[in-house]
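All remarks here apply to the structure that follows.
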Amino acid sequence: ALIHNDYKYDNLVLARADSARIVGVLDWEMATLGDPLMDLGTTLGYWVDPGDDEAMRLLPVGPTTLPGNLSRAEVAQRYARLTGADLSQLVCYYVYGLFKIAVIAQQIYSRYASGLTKDARFALMIEGVRLLGDAASQAIDKGRIDQLG
């Protein structure tokens, strides 16, 4: 399947009159052929639930904690219902997604630490790397993708 590899709220264009309707998907530079569950795992890696640890809720990952959003588990359930996909190995895909996002954050932090960029927001990226690693470890320990805290 064609997978986006960075599917999240800030890469979507929503209809002005109906914000529940997606009219465009942006940032296709990481698109490739692969397992569609890799896309789901990455999307869930960006997804933060209101019940997640407070530190996770501080990550700049979008409005997923706002009222009206599905939980991470509900997104996965809806995906399974609409696609018929077997999600028995979803924790593996989710942990891979968290790892992938952590690598991106580490690269941004490395550029900041090396002086290649001066944006002070990037100084905190190393904490995001740690948080994502902790979330991955918790998901492995708990064997599920919900309530990581």
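Residue numbering restarts at 1 in every chain; chains get A, B, ... in the order shown in the structure tokens, and ligands count up from 1 in that same order.
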Check your understanding: Any idea what's packed within 8 Å of stretch 7-20 of chain A, counting only C-alpha atoms, ignoring anything in its chain fewer than 6 positions away? Could you give it as a VMD selection string?
Key -> chain A and resid 26 to 27 39 42 to 43 46 62 to 63
Those residues you just picked out, can you put them in a file as an mmCIF file, in the first residue's frame with N, CA and C atoms?
data_model
loop_
_atom_site.group_PDB
_atom_site.id
_atom_site.type_symbol
_atom_site.label_atom_id
_atom_site.label_comp_id
_atom_site.auth_asym_id
_atom_site.auth_seq_id
_atom_site.Cartn_x
_atom_site.Cartn_y
_atom_site.Cartn_z
ATOM 1 N N LEU A 26 -1.241 16.820 3.376
ATOM 2 C CA LEU A 26 0.002 17.503 3.011
ATOM 3 C C LEU A 26 1.234 16.684 3.385
ATOM 4 N N ASP A 27 2.398 17.164 2.969
ATOM 5 C CA ASP A 27 3.707 16.612 3.353
ATOM 6 C C ASP A 27 3.877 15.148 2.970
ATOM 7 N N ASP A 39 1.702 3.173 9.033
ATOM 8 C CA ASP A 39 1.095 4.506 9.082
ATOM 9 C C ASP A 39 0.229 4.656 10.329
ATOM 10 N N THR A 42 2.458 5.110 13.403
ATOM 11 C CA THR A 42 3.026 6.455 13.494
ATOM 12 C C THR A 42 1.962 7.468 13.903
ATOM 13 N N THR A 43 0.782 7.367 13.319
ATOM 14 C CA THR A 43 -0.306 8.272 13.699
ATOM 15 C C THR A 43 -0.591 8.145 15.187
ATOM 16 N N TYR A 46 1.922 9.883 17.419
ATOM 17 C CA TYR A 46 1.715 11.323 17.578
ATOM 18 C C TYR A 46 0.506 11.627 18.468
ATOM 19 N N GLY A 62 -0.237 18.296 18.589
ATOM 20 C CA GLY A 62 -1.539 18.628 18.024
ATOM 21 C C GLY A 62 -2.647 18.581 19.055
ATOM 22 N N PRO A 63 -3.859 18.740 18.571
ATOM 23 C CA PRO A 63 -5.015 18.905 19.466
ATOM 24 C C PRO A 63 -5.702 17.612 19.879
#
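Excluding A:Phe122 itself and any same-chain residue fewer than 6 positions from it, the protein and nucleic acid residues within 8 Å of it, counting only C-alpha atoms, are Ile108, Tyr109 and Tyr112 of chain A.
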Check your understanding: So which bits of chain A end up helix (DSSP H, G or I) when you DSSP the backbone, as a ChimeraX atom specification?
Key -> /A:9-11,36-46,54-57,72-83,90-113,120-142
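In this structure, atom CA of A:Glu54 sits 18.3 Å away from atom CA of A:Ala73.
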Point to revise | Who sits within 12 Å of A:Glu127, only C-alpha atoms, same chain under 2 positions skipped, as a PyMOL selection string | key: chain A and resi 55-56+58-60+102+105-106+108-109+121-125+129-134
Study note, to complete from the structure: Closest of A:Val23, A:Leu33, A:Leu116, A:Leu40 to A:Gly97, counting only C-alpha atoms, is A:Leu40
Excluding A:Gly41 and residues on its chain fewer than 4 positions from it, collect all residues at most 12 Å away from it, counting only C-alpha atoms, and give them as a short mmCIF file (atom, residue, chain, number, x, y, z; two decimals) with N, CA and C atoms, in the first residue's frame.
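Writing the result to result-v3.cif gives the following:
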data_model
loop_
_atom_site.label_atom_id
_atom_site.label_comp_id
_atom_site.auth_asym_id
_atom_site.auth_seq_id
_atom_site.Cartn_x
_atom_site.Cartn_y
_atom_site.Cartn_z
N ILE A 3 1.88 4.44 1.74
CA ILE A 3 1.74 4.97 3.10
C ILE A 3 2.36 6.36 3.16
N HIS A 4 1.79 7.20 3.98
CA HIS A 4 2.17 8.60 4.09
C HIS A 4 3.42 8.76 4.95
N ASN A 5 3.49 8.07 6.07
CA ASN A 5 4.62 8.08 7.01
C ASN A 5 4.67 9.29 7.93
N ASP A 6 3.71 10.19 7.85
CA ASP A 6 3.68 11.35 8.75
C ASP A 6 2.24 11.86 8.87
N TYR A 7 1.30 10.92 8.95
CA TYR A 7 -0.12 11.26 8.94
C TYR A 7 -0.56 11.70 10.33
N LYS A 8 -0.87 12.99 10.45
CA LYS A 8 -1.29 13.58 11.73
C LYS A 8 -2.06 14.86 11.43
N ASP A 35 3.58 -1.41 4.66
CA ASP A 35 2.48 -1.94 5.45
C ASP A 35 1.65 -0.78 5.98
N PRO A 36 0.36 -0.71 5.66
CA PRO A 36 -0.46 0.41 6.14
C PRO A 36 -0.51 0.50 7.67
N LEU A 37 -0.25 -0.59 8.36
CA LEU A 37 -0.24 -0.52 9.82
C LEU A 37 0.95 0.29 10.34
N GLY A 45 1.46 7.16 17.42
CA GLY A 45 2.62 7.68 18.14
C GLY A 45 2.52 9.17 18.37
N TYR A 46 1.92 9.88 17.42
CA TYR A 46 1.72 11.32 17.58
C TYR A 46 0.51 11.63 18.47
N TRP A 47 -0.36 10.65 18.64
CA TRP A 47 -1.62 10.86 19.35
C TRP A 47 -1.38 10.84 20.86
N ARG A 72 -6.69 7.28 21.55
CA ARG A 72 -5.76 6.49 20.73
C ARG A 72 -6.38 5.11 20.45
N ALA A 73 -6.94 4.48 21.48
CA ALA A 73 -7.55 3.16 21.31
C ALA A 73 -8.77 3.23 20.39
N VAL A 75 -9.25 5.38 17.94
CA VAL A 75 -8.76 5.54 16.57
C VAL A 75 -8.42 4.16 16.01
N ALA A 76 -7.71 3.35 16.78
CA ALA A 76 -7.34 2.01 16.32
C ALA A 76 -8.58 1.14 16.09
N TYR A 79 -10.24 2.26 12.90
CA TYR A 79 -9.43 1.82 11.77
C TYR A 79 -9.71 0.35 11.47
N LEU A 87 -5.40 -6.12 14.08
CA LEU A 87 -4.57 -5.27 14.93
C LEU A 87 -3.97 -6.03 16.11
N GLN A 89 -1.13 -7.21 16.48
CA GLN A 89 0.26 -6.82 16.71
C GLN A 89 0.42 -5.29 16.77
N LEU A 90 -0.65 -4.58 17.11
CA LEU A 90 -0.64 -3.13 17.06
C LEU A 90 0.41 -2.51 17.98
N VAL A 91 0.66 -3.12 19.13
CA VAL A 91 1.67 -2.54 20.03
C VAL A 91 3.02 -2.43 19.32
N CYS A 92 3.37 -3.42 18.53
CA CYS A 92 4.64 -3.39 17.78
C CYS A 92 4.66 -2.19 16.82
N TYR A 93 3.59 -1.98 16.09
CA TYR A 93 3.52 -0.86 15.15
C TYR A 93 3.55 0.47 15.88
N TYR A 94 2.86 0.54 17.01
CA TYR A 94 2.82 1.76 17.82
C TYR A 94 4.22 2.08 18.37
N VAL A 95 4.88 1.09 18.91
CA VAL A 95 6.22 1.29 19.45
C VAL A 95 7.18 1.70 18.34
N TYR A 96 7.06 1.09 17.17
CA TYR A 96 7.89 1.51 16.04
C TYR A 96 7.61 2.97 15.69
N GLY A 97 6.33 3.37 15.69
CA GLY A 97 5.97 4.76 15.42
C GLY A 97 6.60 5.71 16.43
N LEU A 98 6.54 5.35 17.71
CA LEU A 98 7.17 6.18 18.75
C LEU A 98 8.67 6.29 18.52
N PHE A 99 9.30 5.17 18.17
CA PHE A 99 10.74 5.17 17.91
C PHE A 99 11.07 6.09 16.74
N LYS A 100 10.27 6.00 15.67
CA LYS A 100 10.49 6.83 14.49
C LYS A 100 10.38 8.31 14.84
N ILE A 101 9.37 8.67 15.62
CA ILE A 101 9.18 10.06 16.02
C ILE A 101 10.34 10.51 16.92
N ALA A 136 7.10 4.15 24.81
CA ALA A 136 7.29 2.87 24.11
C ALA A 136 7.51 1.74 25.11
N ILE A 145 -1.98 0.06 23.85
CA ILE A 145 -1.65 1.40 23.37
C ILE A 145 -2.38 2.50 24.14
#
**Study point:** Those in chain A with strand (DSSP E) from DSSP, as a list in words
**Key:** Leu2, Ile3, Leu12, Val13, Leu14, Ile22, Val23, Gly24, Val25, Thr32 and Leu33 of chain A
Output N, CA and C atoms for every residue in that selection, as an mmCIF file, in the first residue's frame.
data_model
loop_
_atom_site.group_PDB
_atom_site.id
_atom_site.type_symbol
_atom_site.label_atom_id
_atom_site.label_comp_id
_atom_site.auth_asym_id
_atom_site.auth_seq_id
_atom_site.Cartn_x
_atom_site.Cartn_y
_atom_site.Cartn_z
ATOM 1 N N LEU A 2 0.351 2.330 -0.493
ATOM 2 C CA LEU A 2 1.018 3.621 -0.380
ATOM 3 C C LEU A 2 0.795 4.124 1.037
ATOM 4 N N ILE A 3 1.880 4.437 1.741
ATOM 5 C CA ILE A 3 1.745 4.967 3.099
ATOM 6 C C ILE A 3 2.362 6.359 3.161
ATOM 7 N N LEU A 12 -3.080 17.730 7.703
ATOM 8 C CA LEU A 12 -4.403 17.608 7.099
ATOM 9 C C LEU A 12 -4.979 18.978 6.782
ATOM 10 N N VAL A 13 -5.748 19.035 5.713
ATOM 11 C CA VAL A 13 -6.564 20.209 5.398
ATOM 12 C C VAL A 13 -8.009 19.768 5.618
ATOM 13 N N LEU A 14 -8.694 20.479 6.499
ATOM 14 C CA LEU A 14 -10.074 20.132 6.832
ATOM 15 C C LEU A 14 -11.035 21.084 6.127
ATOM 16 N N ILE A 22 -11.913 15.612 5.849
ATOM 17 C CA ILE A 22 -10.570 15.886 5.331
ATOM 18 C C ILE A 22 -10.680 16.153 3.832
ATOM 19 N N VAL A 23 -10.118 17.286 3.403
ATOM 20 C CA VAL A 23 -10.137 17.616 1.971
ATOM 21 C C VAL A 23 -8.743 17.563 1.348
ATOM 22 N N GLY A 24 -7.725 17.397 2.159
ATOM 23 C CA GLY A 24 -6.370 17.299 1.631
ATOM 24 C C GLY A 24 -5.403 16.754 2.662
ATOM 25 N N VAL A 25 -4.375 16.096 2.177
ATOM 26 C CA VAL A 25 -3.302 15.586 3.033
ATOM 27 C C VAL A 25 -1.994 16.161 2.499
ATOM 28 N N THR A 32 5.882 6.207 0.900
ATOM 29 C CA THR A 32 6.555 5.044 0.344
ATOM 30 C C THR A 32 5.545 3.918 0.214
ATOM 31 N N LEU A 33 5.968 2.802 -0.317
ATOM 32 C CA LEU A 33 5.151 1.598 -0.315
ATOM 33 C C LEU A 33 5.487 0.817 0.944
#
Check your understanding: Quick one, how far is atom CA of A:Thr64 from atom CA of A:Gly34?
Key ->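 Taking atom CA of A:Thr64 as the start and atom CA of A:Gly34 as the end point, the length is 25.6 Å.
Nearest residue to A:Ser88 among A:Val48, A:Gly143, A:Ala1, A:Trp28 is A:Gly143, counting only C-alpha atoms.
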Review point. Residues at most 9 Å from A:Asp49, counting only C-alpha atoms, excluding those fewer than 5 positions away in the same chain, as a PyMOL selection string?
Key: chain A and resi 56-57+64-66+69-72+146-148
